[in-house]
Amino acid sequence: MAAAEDNLSLVVHGAGVIRLENRSVPEPGRNEVLIKMHSVGICGSDVHFWQHGRIGDFVLRKPMVSGHEASGAVIKVGSDVTHLRTGDRVAIEPGVPRENDNFCKTGRYNLSPTIFFCSTPPDDGCLCRYYVHKANFCHKLPEGVSYEEAALIEPLSVGIHACRRAGVTLGSNVLICGAGPIGLLCLLVAKFMGAAQVLITDLYPERLLAAKEMGADITVQAKRETPQEMADIVSGHLSGMPDITIECTGAEACIQTAIYATRSGGTVALVGLGSPMVNIPIVNASSREVDIKGIFRYCNTWPVAISLVASGRLNVRSLVTHRFSLEDSLQAFETTHQGHGIKVMIRCDKDDPL
Ligand code: NAD
Ligand code: ZN
């Protein structure tokens, strides 16, 4: 069957085992659309499932298609779908709630415990040629938004959700720990939401250079400072302690820095996911009323993010440093694993080759 042979998919089988396979082309259900995939970005978590076969309680127990930062074109529409047509270009929102529970009713559907999420076990992702998704979670793209920009809406959404929860507003002074793709997107969003000054830290000068180019006011390379020393360096640069810290590394030292550095009454948003158990200066946080907020993915961000990118005033394009075809996706994963560049993008559409 020609069609069945042509759904090339990148499948993780377990720790250290990943390969390209042909899967059958799925049929959309009544509320679904079939998408001819175009661009898929690689996320650190995709690489982590390949390297370790698990992230916390999410354990790979059967082969899973990778990928969740994605865009493509609708090529078949389920019978009940009214807002999309064949030929529409869409950005895929990978988290789809399975039930209308209280989290959904209150708008925080990212917290629904039974949510479907592309490339989080056991749910398949969309790093393949053809993929079926719930139509309500496929967001139509305006003409000016490219497929690569559309794939970047997913990590951009993490930045929007983090800045919203942290309460970034006009005049905020913000510390961001970590200048990986997520820290950089938090930087873009924080500046856009009116932050007066954003200071960003990283271990690597290349990443800080990228941050500078993307609008960071101050960059600081982390070396061997203690968290308290780092907090002093930050407040020295900002002429005071930041109102908000967005932690985007998951490193214990940075979580500690985040608490020490944030002004009394300020907010720490924990985006980075590292060790499940860490030591933090909790009395320091409590006695200064520093609010510590968790961040889990996002909700209600796609329409906003698409409008922002379409307006041309929020530029995410410079994040993409490497591009590979779907056939070369193992090399793409290796590139991300080695820490080269910032965002590695995979082109799935063989009719629009690189
Ligand atoms: P990344 O690994 O590319 O970036 C992390 C950056 O932190 C790197 O550039 C690294 O050099 C830097 N870093 C590490 N230790 C540091 C230190 N001590 N001081 C300063 N910088 C340091 O990862 P990413 O894709 O940008 O994601 C960032 C984090 O966000 C990861 O932990 C990821 O798991 C997490 N994440 C969370 C969510 C969520 O829903 N909460 C969503 C996406 C990603
Ligand atoms: Zn991700």
# chains A, B, ... in the order shown; residues from 1 in each chain; ligands from 1

call {"tool": "residues_near_ligand", "arguments": {"ligand": "ligand 2", "cutoff": "12 Å", "atoms": "only C-alpha atoms and all ligand atoms", "output": "NGL selection string"}}
result
:A and (40-49 or 66-70 or 93-95 or 117-120 or 125 or 151-159 or 181-182 or 271-273 or 296-298 or 343)

call {"tool": "write_last_selection", "arguments": {"atoms": "C-alpha atoms", "output": "tab-separated table (two decimals), in the first residue's frame"}}
result
chain	number	residue	atom	x	y	z
A	40	VAL	CA	8.51	20.25	13.74
A	41	GLY	CA	10.94	21.73	16.28
A	42	ILE	CA	12.93	19.53	18.64
A	43	CYS	CA	12.34	20.14	22.35
A	44	GLY	CA	14.69	19.12	25.17
A	45	SER	CA	12.01	16.70	26.39
A	46	ASP	CA	11.99	14.84	23.05
A	47	VAL	CA	15.73	14.29	23.45
A	48	HIS	CA	15.27	13.34	27.11
A	49	PHE	CA	12.74	10.58	26.29
A	66	SER	CA	8.30	11.98	18.94
A	67	GLY	CA	7.60	15.72	18.42
A	68	HIS	CA	5.17	18.33	19.72
A	69	GLU	CA	6.28	21.73	18.35
A	70	ALA	CA	4.50	21.52	15.05
A	93	GLU	CA	-1.59	22.82	20.05
A	94	PRO	CA	-0.31	19.49	21.39
A	95	GLY	CA	-2.25	19.31	24.68
A	117	PHE	CA	-0.23	15.44	25.00
A	118	CYS	CA	1.80	14.77	21.85
A	119	SER	CA	5.04	12.89	22.58
A	120	THR	CA	4.44	12.44	26.29
A	125	GLY	CA	3.62	13.00	18.77
A	151	ALA	CA	5.98	25.45	15.08
A	152	LEU	CA	7.66	27.93	17.46
A	153	ILE	CA	4.24	28.93	18.86
A	154	GLU	CA	4.54	25.93	21.21
A	155	PRO	CA	7.69	27.01	23.11
A	156	LEU	CA	6.55	30.64	22.77
A	157	SER	CA	3.40	29.57	24.62
A	158	VAL	CA	5.53	28.40	27.56
A	159	GLY	CA	7.02	31.92	27.67
A	181	PRO	CA	15.05	28.35	23.84
A	182	ILE	CA	12.61	28.65	26.75
A	271	VAL	CA	9.67	26.80	34.49
A	272	GLY	CA	12.79	24.60	34.54
A	273	LEU	CA	12.21	20.95	35.35
A	296	PHE	CA	3.10	23.55	33.58
A	297	ARG	CA	3.07	24.03	29.83
A	298	TYR	CA	0.34	26.60	28.98
A	343	LYS	CA	16.37	25.55	18.00

call {"tool": "select_by_dssp", "arguments": {"residues": "region 51-283 of chain A", "states": "strand (DSSP E)", "output": "count of residues only"}}
result
54

call {"tool": "closest_residue", "arguments": {"among": "A:Gln197, A:Thr219, A:Ser39, A:Ser329", "to": "ligand 1", "atoms": "only C-alpha atoms and all ligand atoms"}}
result
A:Thr219

call {"tool": "residues_around", "arguments": {"residues": "Asp6 (chain A)", "least_positions_apart": "5", "cutoff": "9 Å", "atoms": "only C-alpha atoms", "output": "JSON, numbers by chain"}}
result
{"A": [1, 22, 23, 24, 25, 129, 130]}

call {"tool": "closest_residue", "arguments": {"among": "A:Pro353, A:Pro63, A:Gly180, A:Gly14", "to": "ligand 1", "atoms": "only C-alpha atoms and all ligand atoms"}}
result
A:Gly180

call {"tool": "select_by_dssp", "arguments": {"residues": "region 64-305 of chain A", "states": "alpha helix (DSSP H)", "output": "ChimeraX atom specification"}}
result
/A:102-105,147-151,153-166,181-192,205-213,227-238,252-261,282-287,302-305

call {"tool": "closest_residue", "arguments": {"among": "A:Gln338, A:Ser286, A:Asn300, A:Ser9", "to": "ligand 1", "atoms": "only C-alpha atoms and all ligand atoms"}}
result
A:Gln338

call {"tool": "closest_residue", "arguments": {"among": "A:Leu308, A:Ile246, A:Ala15, A:Leu34", "to": "Arg54 (chain A)", "atoms": "only C-alpha atoms"}}
result
A:Ala15

call {"tool": "closest_residue", "arguments": {"among": "A:Tyr204, A:Phe103, A:Phe333, A:Tyr109", "to": "ligand 1", "atoms": "only C-alpha atoms and all ligand atoms"}}
result
A:Tyr204

call {"tool": "atom_distance", "arguments": {"atom1": "CA of Leu330 (chain A)", "atom2": "CA of Ala251 (chain A)"}}
result
27.2 Å

call {"tool": "closest_residue", "arguments": {"among": "A:Ile35, A:Ala222, A:Val81, A:Met241", "to": "ligand 1", "atoms": "only C-alpha atoms and all ligand atoms"}}
result
A:Ala222

call {"tool": "atom_distance", "arguments": {"atom1": "atom 34 (O, counted along the ligand's line) of ligand 1", "atom2": "CA of Leu184 (chain A)"}}
result
13.8 Å

call {"tool": "residues_around", "arguments": {"residues": "region 313-323 of chain A", "least_positions_apart": "4", "cutoff": "9 Å", "atoms": "only C-alpha atoms", "output": "mmCIF file with N, CA and C atoms, in the first residue's frame"}}
result
data_model
loop_
_atom_site.group_PDB
_atom_site.id
_atom_site.type_symbol
_atom_site.label_atom_id
_atom_site.label_comp_id
_atom_site.auth_asym_id
_atom_site.auth_seq_id
_atom_site.Cartn_x
_atom_site.Cartn_y
_atom_site.Cartn_z
ATOM 1 N N GLY A 41 9.745 21.378 15.511
ATOM 2 C CA GLY A 41 10.940 21.735 16.278
ATOM 3 C C GLY A 41 11.260 20.641 17.287
ATOM 4 N N GLU A 148 7.501 27.539 10.059
ATOM 5 C CA GLU A 148 8.503 27.463 11.146
ATOM 6 C C GLU A 148 8.071 28.329 12.324
ATOM 7 N N GLU A 149 7.590 29.531 12.022
ATOM 8 C CA GLU A 149 7.094 30.392 13.107
ATOM 9 C C GLU A 149 5.945 29.692 13.826
ATOM 10 N N LEU A 152 7.075 27.275 16.276
ATOM 11 C CA LEU A 152 7.655 27.929 17.459
ATOM 12 C C LEU A 152 6.593 28.489 18.411
ATOM 13 N N ILE A 153 5.318 28.465 17.978
ATOM 14 C CA ILE A 153 4.241 28.932 18.864
ATOM 15 C C ILE A 153 4.209 28.073 20.133
ATOM 16 N N LEU A 156 6.937 29.254 22.478
ATOM 17 C CA LEU A 156 6.548 30.640 22.774
ATOM 18 C C LEU A 156 5.413 30.650 23.800
ATOM 19 N N PRO A 181 16.227 27.885 24.575
ATOM 20 C CA PRO A 181 15.051 28.354 23.837
ATOM 21 C C PRO A 181 13.948 28.888 24.754
ATOM 22 N N LEU A 184 14.980 32.248 26.368
ATOM 23 C CA LEU A 184 14.987 33.295 25.339
ATOM 24 C C LEU A 184 13.565 33.723 24.972
ATOM 25 N N LEU A 185 12.653 32.759 24.912
ATOM 26 C CA LEU A 185 11.265 33.119 24.584
ATOM 27 C C LEU A 185 10.599 33.848 25.752
ATOM 28 N N LEU A 188 11.764 37.387 25.268
ATOM 29 C CA LEU A 188 10.999 38.102 24.227
ATOM 30 C C LEU A 188 9.641 38.551 24.753
ATOM 31 N N VAL A 189 8.952 37.626 25.434
ATOM 32 C CA VAL A 189 7.599 37.931 25.911
ATOM 33 C C VAL A 189 7.650 38.977 27.028
ATOM 34 N N PHE A 192 8.111 42.296 25.641
ATOM 35 C CA PHE A 192 6.895 42.687 24.942
ATOM 36 C C PHE A 192 5.795 43.109 25.921
ATOM 37 N N ALA A 210 23.171 35.370 21.985
ATOM 38 C CA ALA A 210 21.830 35.264 21.363
ATOM 39 C C ALA A 210 20.827 36.083 22.170
ATOM 40 N N MET A 214 18.508 39.262 21.100
ATOM 41 C CA MET A 214 17.048 39.204 21.193
ATOM 42 C C MET A 214 16.489 40.224 22.180
ATOM 43 N N LEU A 308 0.379 37.829 17.767
ATOM 44 C CA LEU A 308 1.625 38.562 18.025
ATOM 45 C C LEU A 308 2.638 38.332 16.917
ATOM 46 N N VAL A 309 2.804 37.062 16.531
ATOM 47 C CA VAL A 309 3.776 36.750 15.477
ATOM 48 C C VAL A 309 3.315 37.370 14.157
ATOM 49 N N ALA A 332 19.422 15.393 13.500
ATOM 50 C CA ALA A 332 18.839 16.579 14.144
ATOM 51 C C ALA A 332 18.780 16.383 15.661
ATOM 52 N N THR A 335 22.176 16.697 17.126
ATOM 53 C CA THR A 335 22.589 18.112 17.182
ATOM 54 C C THR A 335 22.040 18.781 18.445
ATOM 55 N N HIS A 340 24.267 22.033 20.311
ATOM 56 C CA HIS A 340 24.633 22.991 19.263
ATOM 57 C C HIS A 340 23.457 23.912 18.952
ATOM 58 N N GLY A 341 23.764 25.188 18.736
ATOM 59 C CA GLY A 341 22.745 26.138 18.298
ATOM 60 C C GLY A 341 21.647 26.338 19.335
ATOM 61 N N ILE A 342 20.487 26.793 18.849
ATOM 62 C CA ILE A 342 19.386 27.035 19.794
ATOM 63 C C ILE A 342 18.222 26.108 19.438
ATOM 64 N N LYS A 343 17.505 26.404 18.358
ATOM 65 C CA LYS A 343 16.368 25.547 18.003
ATOM 66 C C LYS A 343 16.652 24.801 16.708
ATOM 67 N N VAL A 344 16.493 23.501 16.772
ATOM 68 C CA VAL A 344 16.671 22.651 15.600
ATOM 69 C C VAL A 344 15.286 22.339 15.033
ATOM 70 N N MET A 345 15.122 22.578 13.735
ATOM 71 C CA MET A 345 13.810 22.430 13.101
ATOM 72 C C MET A 345 13.878 21.293 12.073
ATOM 73 N N ILE A 346 12.839 20.484 12.038
ATOM 74 C CA ILE A 346 12.780 19.384 11.066
ATOM 75 C C ILE A 346 11.700 19.675 10.030
ATOM 76 N N ARG A 347 12.061 19.498 8.753
ATOM 77 C CA ARG A 347 11.123 19.714 7.647
ATOM 78 C C ARG A 347 10.535 18.342 7.276
ATOM 79 N N LEU A 354 14.153 21.372 1.889
ATOM 80 C CA LEU A 354 15.033 22.438 2.395
ATOM 81 C C LEU A 354 15.918 22.981 1.293
#

call {"tool": "residues_around", "arguments": {"residues": "Ser239 (chain A)", "least_positions_apart": "3", "cutoff": "12 Å", "atoms": "only C-alpha atoms", "output": "list in words"}}
result
Asn173, Gln197, Leu199, Ile218, Ala231, Asp232, Ile233, Val234, Ser235, Gly236, Pro242, Asp243 and Arg263 of chain A

call {"tool": "residues_around", "arguments": {"residues": "Glu32 (chain A)", "least_positions_apart": "4", "cutoff": "12 Å", "atoms": "only C-alpha atoms", "output": "MDAnalysis selection string"}}
result
chainID A and resid 26:28 74:85 96 131:138

call {"tool": "write_last_selection", "arguments": {"atoms": "N, CA and C atoms", "output": "compact mmCIF listing (two decimals), in the first residue's frame"}}
result
# COMPACT_ATOMS: atom_id res chain seq x y z
N PRO A 26 -3.15 7.78 9.23
CA PRO A 26 -4.40 7.66 10.00
C PRO A 26 -5.57 8.34 9.31
N GLU A 27 -6.78 7.92 9.68
CA GLU A 27 -8.02 8.52 9.17
C GLU A 27 -8.55 9.48 10.23
N PRO A 28 -8.95 10.69 9.87
CA PRO A 28 -9.50 11.59 10.89
C PRO A 28 -10.89 11.14 11.35
N VAL A 74 -3.87 21.18 6.51
CA VAL A 74 -5.00 20.26 6.61
C VAL A 74 -5.24 19.63 5.23
N ILE A 75 -5.32 18.28 5.18
CA ILE A 75 -5.59 17.65 3.89
C ILE A 75 -6.88 16.81 3.91
N LYS A 76 -7.47 16.63 5.09
CA LYS A 76 -8.74 15.91 5.17
C LYS A 76 -9.45 16.36 6.44
N VAL A 77 -10.76 16.54 6.34
CA VAL A 77 -11.50 17.13 7.45
C VAL A 77 -12.61 16.17 7.89
N GLY A 78 -12.71 15.94 9.21
CA GLY A 78 -13.77 15.07 9.75
C GLY A 78 -15.14 15.69 9.54
N SER A 79 -16.18 14.83 9.59
CA SER A 79 -17.53 15.27 9.19
C SER A 79 -18.11 16.39 10.06
N ASP A 80 -17.70 16.47 11.35
CA ASP A 80 -18.27 17.50 12.23
C ASP A 80 -17.44 18.78 12.31
N VAL A 81 -16.36 18.83 11.56
CA VAL A 81 -15.48 20.00 11.66
C VAL A 81 -16.00 21.12 10.76
N THR A 82 -16.19 22.31 11.36
CA THR A 82 -16.75 23.40 10.57
C THR A 82 -15.75 24.56 10.38
N HIS A 83 -14.75 24.67 11.24
CA HIS A 83 -13.89 25.87 11.17
C HIS A 83 -12.62 25.67 10.34
N LEU A 84 -12.41 24.48 9.83
CA LEU A 84 -11.20 24.25 9.01
C LEU A 84 -11.59 23.58 7.70
N ARG A 85 -10.77 23.87 6.68
CA ARG A 85 -10.99 23.25 5.37
C ARG A 85 -9.67 22.69 4.85
N VAL A 96 -4.43 18.27 24.45
CA VAL A 96 -5.88 18.25 24.21
C VAL A 96 -6.57 17.55 25.37
N TYR A 131 -0.46 13.22 10.19
CA TYR A 131 -0.82 13.15 11.60
C TYR A 131 -2.27 13.61 11.77
N VAL A 132 -3.01 12.92 12.63
CA VAL A 132 -4.40 13.31 12.92
C VAL A 132 -4.47 13.99 14.28
N HIS A 133 -5.20 15.12 14.36
CA HIS A 133 -5.32 15.85 15.62
C HIS A 133 -6.74 16.38 15.77
N LYS A 134 -7.15 16.63 17.03
CA LYS A 134 -8.48 17.21 17.25
C LYS A 134 -8.52 18.60 16.58
N ALA A 135 -9.54 18.84 15.78
CA ALA A 135 -9.61 20.07 15.00
C ALA A 135 -9.62 21.32 15.87
N ASN A 136 -10.26 21.23 17.05
CA ASN A 136 -10.33 22.42 17.92
C ASN A 136 -8.97 22.85 18.45
N PHE A 137 -7.99 21.98 18.34
CA PHE A 137 -6.65 22.31 18.82
C PHE A 137 -5.68 22.49 17.65
N CYS A 138 -6.26 22.74 16.46
CA CYS A 138 -5.47 23.14 15.30
C CYS A 138 -5.85 24.58 15.00

call {"tool": "residues_around", "arguments": {"residues": "Asn100 (chain A)", "least_positions_apart": "3", "cutoff": "12 Å", "atoms": "only C-alpha atoms", "output": "number ranges by chain"}}
result
A: 96-97, 103-115

call {"tool": "decode", "arguments": {"residues": "region 292-337 of chain A", "atoms": "C-alpha atoms", "output": "short mmCIF file (atom, residue, chain, number, x, y, z; two decimals), in the first residue's frame"}}
result
data_model
loop_
_atom_site.label_atom_id
_atom_site.label_comp_id
_atom_site.auth_asym_id
_atom_site.auth_seq_id
_atom_site.Cartn_x
_atom_site.Cartn_y
_atom_site.Cartn_z
CA ILE A 292 6.84 30.64 44.23
CA LYS A 293 4.68 29.60 41.29
CA GLY A 294 4.79 26.40 39.27
CA ILE A 295 4.48 26.52 35.50
CA PHE A 296 3.10 23.55 33.58
CA ARG A 297 3.07 24.03 29.83
CA TYR A 298 0.34 26.60 28.98
CA CYS A 299 -3.32 27.24 28.31
CA ASN A 300 -5.17 29.75 26.14
CA THR A 301 -2.02 30.95 24.39
CA TRP A 302 -2.23 29.95 20.71
CA PRO A 303 -4.59 32.69 19.46
CA VAL A 304 -2.58 35.37 21.29
CA ALA A 305 0.76 33.99 20.13
CA ILE A 306 -0.36 33.71 16.50
CA SER A 307 -1.63 37.32 16.53
CA LEU A 308 1.63 38.56 18.03
CA VAL A 309 3.78 36.75 15.48
CA ALA A 310 1.47 37.84 12.63
CA SER A 311 1.78 41.47 13.77
CA GLY A 312 5.49 41.26 12.98
CA ARG A 313 6.32 42.85 16.34
CA LEU A 314 7.45 39.67 18.04
CA ASN A 315 10.23 38.00 16.10
CA VAL A 316 10.83 34.33 16.90
CA ARG A 317 12.58 33.46 13.64
CA SER A 318 16.13 34.00 14.88
CA LEU A 319 15.72 31.08 17.29
CA VAL A 320 16.07 28.56 14.47
CA THR A 321 19.77 27.78 14.00
CA HIS A 322 19.63 24.33 12.33
CA ARG A 323 17.35 22.66 9.80
CA PHE A 324 17.13 18.99 8.79
CA SER A 325 14.82 16.91 6.62
CA LEU A 326 12.65 14.24 8.27
CA GLU A 327 14.96 11.62 6.75
CA ASP A 328 17.87 13.22 8.67
CA SER A 329 16.00 13.59 11.95
CA LEU A 330 18.37 11.31 13.89
CA GLN A 331 21.14 13.76 13.05
CA ALA A 332 18.84 16.58 14.14
CA PHE A 333 18.29 14.90 17.53
CA GLU A 334 22.04 14.39 17.90
CA THR A 335 22.59 18.11 17.18
CA THR A 336 20.17 19.12 19.96
CA HIS A 337 21.68 16.52 22.28
#
